[in-house]
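Since the structure comes first, as structure tokens, the remarks are kept for the end.
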Amino acid sequence: MAKKNTPPINVTCPCCQAKLVVDPELAVVLSHEAPPKAVPDVDLSDTARLLKEEEARREEKFRQSVEYEKKKSDVFDRLFEEGLKKAKDKPVEKPLRDFDLD
């Protein structure tokens, strides 16, 4: 069996722009070169504004979590009451076992 010496294929990923070298005969990636990382475009004069916005977001999330914790016990109580009501409506039966089916 003679092997064809086909050259590797250079491919650029459409999603992340990484460069891949693929062997077409073996169908494997021979090498991978990560794309250059983009430098964030942040001006130092905007940092104070960005920090205040981030602080406001944190405070909002904290406030939401406190509200959720306050409501959580009420939600669980209501779910328990509904489950108890369903359990009272059903007649008490002996559980069905696999042994009983034979």
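Ordering of the structure tokens sets the chain letters (A, B, ...), residue numbers begin anew at 1 in every chain, and ligands are numbered from 1 in the order given.
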Could you pull the residues within 12 Å of stretch 26-38 of chain A, counting only C-alpha atoms, minus those fewer than 3 positions along the same chain, as a list in words?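 In the requested form, the answer reads Lys3, Lys4, Asn5, Thr6, Pro7, Pro8, Ile9, Asn10, Val11, Thr12, Cys13, Pro14, Cys15, Cys16, Gln17, Ala18, Lys19, Leu20, Val21, Val22, Asp23, Asp41 and Val42 of chain A.
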Those selected residues, please, written with N, CA and C atoms and delivered as an mmCIF file, in the first residue's frame.
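Generated output (out_38.cif):
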```
data_model
loop_
_atom_site.group_PDB
_atom_site.id
_atom_site.type_symbol
_atom_site.label_atom_id
_atom_site.label_comp_id
_atom_site.auth_asym_id
_atom_site.auth_seq_id
_atom_site.Cartn_x
_atom_site.Cartn_y
_atom_site.Cartn_z
ATOM 1 N N LYS A 3 1.556 5.117 0.236
ATOM 2 C CA LYS A 3 0.897 6.286 0.827
ATOM 3 C C LYS A 3 1.098 7.488 -0.068
ATOM 4 N N LYS A 4 0.065 8.264 -0.200
ATOM 5 C CA LYS A 4 0.172 9.515 -0.936
ATOM 6 C C LYS A 4 0.729 10.550 0.014
ATOM 7 N N ASN A 5 1.649 11.316 -0.424
ATOM 8 C CA ASN A 5 2.196 12.392 0.397
ATOM 9 C C ASN A 5 1.462 13.678 0.071
ATOM 10 N N THR A 6 0.266 13.792 0.601
ATOM 11 C CA THR A 6 -0.484 15.021 0.389
ATOM 12 C C THR A 6 -0.058 16.025 1.445
ATOM 13 N N PRO A 7 0.088 17.243 1.047
ATOM 14 C CA PRO A 7 0.516 18.254 2.022
ATOM 15 C C PRO A 7 -0.606 18.552 3.019
ATOM 16 N N PRO A 8 -0.236 18.959 4.222
ATOM 17 C CA PRO A 8 -1.261 19.306 5.208
ATOM 18 C C PRO A 8 -2.050 20.533 4.763
ATOM 19 N N ILE A 9 -3.267 20.615 5.258
ATOM 20 C CA ILE A 9 -4.159 21.711 4.899
ATOM 21 C C ILE A 9 -4.159 22.728 6.031
ATOM 22 N N ASN A 10 -3.981 23.992 5.694
ATOM 23 C CA ASN A 10 -4.065 25.080 6.669
ATOM 24 C C ASN A 10 -5.487 25.620 6.659
ATOM 25 N N VAL A 11 -6.110 25.640 7.833
ATOM 26 C CA VAL A 11 -7.501 26.055 7.963
ATOM 27 C C VAL A 11 -7.590 27.120 9.044
ATOM 28 N N THR A 12 -8.438 28.113 8.813
ATOM 29 C CA THR A 12 -8.724 29.124 9.831
ATOM 30 C C THR A 12 -10.131 28.877 10.352
ATOM 31 N N CYS A 13 -10.253 28.759 11.667
ATOM 32 C CA CYS A 13 -11.552 28.509 12.292
ATOM 33 C C CYS A 13 -12.449 29.730 12.080
ATOM 34 N N PRO A 14 -13.672 29.538 11.583
ATOM 35 C CA PRO A 14 -14.557 30.683 11.361
ATOM 36 C C PRO A 14 -15.091 31.289 12.660
ATOM 37 N N CYS A 15 -15.071 30.519 13.736
ATOM 38 C CA CYS A 15 -15.605 31.029 15.010
ATOM 39 C C CYS A 15 -14.583 31.857 15.772
ATOM 40 N N CYS A 16 -13.402 31.265 16.003
ATOM 41 C CA CYS A 16 -12.430 31.930 16.875
ATOM 42 C C CYS A 16 -11.198 32.432 16.136
ATOM 43 N N GLN A 17 -11.119 32.207 14.851
ATOM 44 C CA GLN A 17 -10.000 32.650 14.018
ATOM 45 C C GLN A 17 -8.688 31.954 14.376
ATOM 46 N N ALA A 18 -8.750 30.776 14.992
ATOM 47 C CA ALA A 18 -7.547 30.000 15.285
ATOM 48 C C ALA A 18 -7.052 29.368 13.992
ATOM 49 N N LYS A 19 -5.750 29.137 13.907
ATOM 50 C CA LYS A 19 -5.162 28.524 12.719
ATOM 51 C C LYS A 19 -4.880 27.064 13.014
ATOM 52 N N LEU A 20 -5.394 26.181 12.147
ATOM 53 C CA LEU A 20 -5.238 24.743 12.314
ATOM 54 C C LEU A 20 -4.484 24.179 11.122
ATOM 55 N N VAL A 21 -3.645 23.175 11.375
ATOM 56 C CA VAL A 21 -2.986 22.431 10.312
ATOM 57 C C VAL A 21 -3.531 21.012 10.400
ATOM 58 N N VAL A 22 -4.203 20.564 9.323
ATOM 59 C CA VAL A 22 -4.904 19.282 9.323
ATOM 60 C C VAL A 22 -4.262 18.351 8.309
ATOM 61 N N ASP A 23 -4.050 17.082 8.717
ATOM 62 C CA ASP A 23 -3.553 16.053 7.807
ATOM 63 C C ASP A 23 -4.767 15.414 7.147
ATOM 64 N N ASP A 41 -10.686 47.498 25.066
ATOM 65 C CA ASP A 41 -10.637 48.920 24.745
ATOM 66 C C ASP A 41 -11.257 49.705 25.901
ATOM 67 N N VAL A 42 -10.453 49.933 26.949
ATOM 68 C CA VAL A 42 -10.930 50.645 28.128
ATOM 69 C C VAL A 42 -10.046 51.866 28.334
#
```
Helix (DSSP H, G or I) call set, DSSP backbone run, chain A, as a PyMOL selection string: chain A and resi 44-89+98-101
Could you save those same residues with N, CA and C atoms as a CSV table (one decimal), in the first residue's frame?
```csv
chain,number,residue,atom,x,y,z
A,44,LEU,N,-8.7,54.8,30.7
A,44,LEU,CA,-8.5,55.0,32.1
A,44,LEU,C,-9.4,56.0,32.7
A,45,SER,N,-9.9,57.0,31.9
A,45,SER,CA,-10.8,58.0,32.5
A,45,SER,C,-12.2,57.4,32.7
A,46,ASP,N,-12.5,56.3,32.1
A,46,ASP,CA,-13.8,55.6,32.3
A,46,ASP,C,-13.8,54.6,33.4
A,47,THR,N,-12.6,54.4,34.0
A,47,THR,CA,-12.6,53.3,35.1
A,47,THR,C,-13.5,53.7,36.3
A,48,ALA,N,-13.5,54.9,36.7
A,48,ALA,CA,-14.4,55.3,37.8
A,48,ALA,C,-15.8,55.0,37.5
A,49,ARG,N,-16.2,55.3,36.3
A,49,ARG,CA,-17.6,55.1,35.9
A,49,ARG,C,-17.9,53.5,35.8
A,50,LEU,N,-16.9,52.8,35.3
A,50,LEU,CA,-17.1,51.3,35.2
A,50,LEU,C,-17.2,50.7,36.6
A,51,LEU,N,-16.3,51.2,37.5
A,51,LEU,CA,-16.4,50.6,38.9
A,51,LEU,C,-17.7,50.9,39.5
A,52,LYS,N,-18.2,52.1,39.3
A,52,LYS,CA,-19.5,52.5,39.9
A,52,LYS,C,-20.6,51.6,39.3
A,53,GLU,N,-20.6,51.4,38.0
A,53,GLU,CA,-21.6,50.5,37.4
A,53,GLU,C,-21.5,49.1,37.9
A,54,GLU,N,-20.3,48.6,38.1
A,54,GLU,CA,-20.1,47.3,38.6
A,54,GLU,C,-20.6,47.2,40.1
A,55,GLU,N,-20.3,48.2,40.9
A,55,GLU,CA,-20.8,48.2,42.2
A,55,GLU,C,-22.3,48.2,42.3
A,56,ALA,N,-23.0,49.0,41.4
A,56,ALA,CA,-24.4,49.0,41.3
A,56,ALA,C,-25.0,47.7,40.9
A,57,ARG,N,-24.3,47.0,40.0
A,57,ARG,CA,-24.8,45.7,39.6
A,57,ARG,C,-24.7,44.7,40.8
A,58,ARG,N,-23.6,44.7,41.5
A,58,ARG,CA,-23.4,43.8,42.7
A,58,ARG,C,-24.5,44.1,43.7
A,59,GLU,N,-24.7,45.4,44.0
A,59,GLU,CA,-25.8,45.7,45.0
A,59,GLU,C,-27.1,45.2,44.5
A,60,GLU,N,-27.4,45.4,43.3
A,60,GLU,CA,-28.7,44.9,42.7
A,60,GLU,C,-28.9,43.4,42.9
A,61,LYS,N,-27.8,42.7,42.5
A,61,LYS,CA,-27.8,41.2,42.7
A,61,LYS,C,-28.0,40.8,44.1
A,62,PHE,N,-27.3,41.5,45.0
A,62,PHE,CA,-27.4,41.2,46.4
A,62,PHE,C,-28.8,41.4,46.9
A,63,ARG,N,-29.4,42.6,46.5
A,63,ARG,CA,-30.8,42.9,46.9
A,63,ARG,C,-31.8,41.8,46.4
A,64,GLN,N,-31.6,41.4,45.2
A,64,GLN,CA,-32.4,40.4,44.6
A,64,GLN,C,-32.3,39.0,45.4
A,65,SER,N,-31.1,38.7,45.8
A,65,SER,CA,-30.9,37.5,46.5
A,65,SER,C,-31.5,37.5,47.9
A,66,VAL,N,-31.4,38.7,48.6
A,66,VAL,CA,-32.1,38.9,49.9
A,66,VAL,C,-33.6,38.7,49.7
A,67,GLU,N,-34.2,39.3,48.7
A,67,GLU,CA,-35.6,39.2,48.4
A,67,GLU,C,-36.0,37.7,48.2
A,68,TYR,N,-35.2,37.0,47.4
A,68,TYR,CA,-35.4,35.6,47.2
A,68,TYR,C,-35.4,34.8,48.5
A,69,GLU,N,-34.4,35.1,49.3
A,69,GLU,CA,-34.3,34.4,50.6
A,69,GLU,C,-35.5,34.6,51.5
A,70,LYS,N,-36.0,35.8,51.4
A,70,LYS,CA,-37.2,36.2,52.2
A,70,LYS,C,-38.4,35.4,51.7
A,71,LYS,N,-38.6,35.3,50.4
A,71,LYS,CA,-39.7,34.6,49.8
A,71,LYS,C,-39.6,33.1,49.8
A,72,LYS,N,-38.4,32.6,50.0
A,72,LYS,CA,-38.1,31.1,49.8
A,72,LYS,C,-38.9,30.3,50.8
A,73,SER,N,-39.0,30.7,52.1
A,73,SER,CA,-39.7,30.0,53.1
A,73,SER,C,-41.2,29.9,52.8
A,74,ASP,N,-41.7,31.1,52.3
A,74,ASP,CA,-43.2,31.1,51.9
A,74,ASP,C,-43.4,30.2,50.7
A,75,VAL,N,-42.5,30.1,49.8
A,75,VAL,CA,-42.7,29.2,48.6
A,75,VAL,C,-42.7,27.8,49.1
A,76,PHE,N,-41.7,27.4,49.9
A,76,PHE,CA,-41.7,26.1,50.4
A,76,PHE,C,-42.9,25.7,51.3
A,77,ASP,N,-43.4,26.6,52.1
A,77,ASP,CA,-44.6,26.4,52.9
A,77,ASP,C,-45.8,26.1,52.0
A,78,ARG,N,-45.9,26.9,50.9
A,78,ARG,CA,-47.0,26.7,50.0
A,78,ARG,C,-46.9,25.4,49.3
A,79,LEU,N,-45.7,25.0,48.8
A,79,LEU,CA,-45.5,23.7,48.1
A,79,LEU,C,-45.8,22.6,49.1
A,80,PHE,N,-45.4,22.7,50.3
A,80,PHE,CA,-45.7,21.7,51.3
A,80,PHE,C,-47.2,21.5,51.5
A,81,GLU,N,-47.9,22.6,51.6
A,81,GLU,CA,-49.4,22.6,51.8
A,81,GLU,C,-50.1,21.9,50.7
A,82,GLU,N,-49.6,22.3,49.4
A,82,GLU,CA,-50.2,21.7,48.2
A,82,GLU,C,-50.0,20.2,48.2
A,83,GLY,N,-48.7,19.8,48.5
A,83,GLY,CA,-48.4,18.3,48.6
A,83,GLY,C,-49.2,17.6,49.6
A,84,LEU,N,-49.4,18.2,50.8
A,84,LEU,CA,-50.2,17.6,51.9
A,84,LEU,C,-51.6,17.5,51.4
A,85,LYS,N,-52.2,18.5,50.7
A,85,LYS,CA,-53.5,18.5,50.3
A,85,LYS,C,-53.7,17.3,49.2
A,86,LYS,N,-52.7,17.1,48.3
A,86,LYS,CA,-52.8,16.1,47.4
A,86,LYS,C,-52.7,14.7,48.1
A,87,ALA,N,-51.9,14.6,49.1
A,87,ALA,CA,-51.7,13.4,49.8
A,87,ALA,C,-53.0,13.0,50.6
A,88,LYS,N,-53.7,14.0,51.1
A,88,LYS,CA,-55.0,13.7,51.8
A,88,LYS,C,-56.1,13.3,50.9
A,89,ASP,N,-56.0,13.8,49.6
A,89,ASP,CA,-57.1,13.4,48.6
A,89,ASP,C,-56.9,12.0,48.1
A,98,ASP,N,-42.5,-5.4,42.8
A,98,ASP,CA,-42.3,-6.2,41.6
A,98,ASP,C,-42.6,-7.7,41.9
A,99,PHE,N,-42.5,-8.1,43.1
A,99,PHE,CA,-42.8,-9.5,43.5
A,99,PHE,C,-44.3,-9.8,43.3
A,100,ASP,N,-45.1,-8.8,43.5
A,100,ASP,CA,-46.6,-9.0,43.4
A,100,ASP,C,-47.0,-9.1,41.9
A,101,LEU,N,-46.2,-8.7,41.0
A,101,LEU,CA,-46.5,-8.7,39.6
A,101,LEU,C,-46.3,-10.1,39.0
```
Go through chain A and collect every residue that DSSP, computed from the backbone, puts in strand (DSSP E or B); the answer should be as a compact mmCIF listing (two decimals) with C-alpha atoms, in the first residue's frame.
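Now in selection.txt:
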```txt
# COMPACT_ATOMS: atom_id res chain seq x y z
CA ILE A 9 -4.16 21.71 4.90
CA ASN A 10 -4.07 25.08 6.67
CA VAL A 11 -7.50 26.06 7.96
CA THR A 12 -8.72 29.12 9.83
CA LYS A 19 -5.16 28.52 12.72
CA LEU A 20 -5.24 24.74 12.31
CA VAL A 21 -2.99 22.43 10.31
CA VAL A 22 -4.90 19.28 9.32
CA ASP A 23 -3.55 16.05 7.81
CA VAL A 28 -6.32 14.71 12.46
CA VAL A 29 -5.23 18.16 13.55
CA LEU A 30 -1.45 18.35 13.46
CA SER A 31 -1.09 21.74 15.09
CA HIS A 32 -3.18 24.52 16.52
CA GLU A 33 -2.30 28.18 16.86
```
